[in-house]
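Undergrad: First the structure, which I've put down as structure tokens, then a few questions once you've had a look.
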Amino acid sequence: MTWRFLYWYMLIGSGIKGIGGTCLLYRSKDLIAWEYLHPLCIGDG
């Protein structure tokens, strides 16, 4: 029996004007086409 991951995940550091830094979460099945999911964390500290 073999278990395989269905998705690759990527975090990108960014910022939201007036709010602060954020980590944006993306996923991909093939490492070429990426789908934006949501901000993983948002804050100024």
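By convention here, the chains of the structure tokens are called A, B, ... in the order presented, each chain's residues are numbered starting at 1, and ligands are numbered starting at 1 in the order presented.
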Please provide the set of residues having any atom within 12 Å of Asp30 in chain A, restricted to only C-alpha atoms, with same-chain residues fewer than 6 positions apart removed, written as an NGL selection string.
TA: :A and (5-9)
Undergrad: To one decimal in Å, tell me the separation between CA of Leu37 in chain A and CA of Ser14 in chain A.
TA: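 Atom-to-atom, CA of Leu37 in chain A and CA of Ser14 in chain A are spaced 14.4 Å apart.
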Undergrad: Quick one: everything within 12 Å of Gly15 in chain A, counting only C-alpha atoms, minus sequence neighbours fewer than 4 positions away in the same chain. Send it as a list in words.
TA: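 So the residues in contact are Ile19, Gly20, Gly21, Thr22, Cys23, Leu24, Pro39, Cys41, Ile42, Gly43, Asp44 and Gly45 of chain A.
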Undergrad: Neighbours of Tyr26 in chain A within 9 Å (only C-alpha atoms; same-chain residues fewer than 5 positions away dropped), as an NGL selection string?
TA: :A and (8-12 or 34-38)
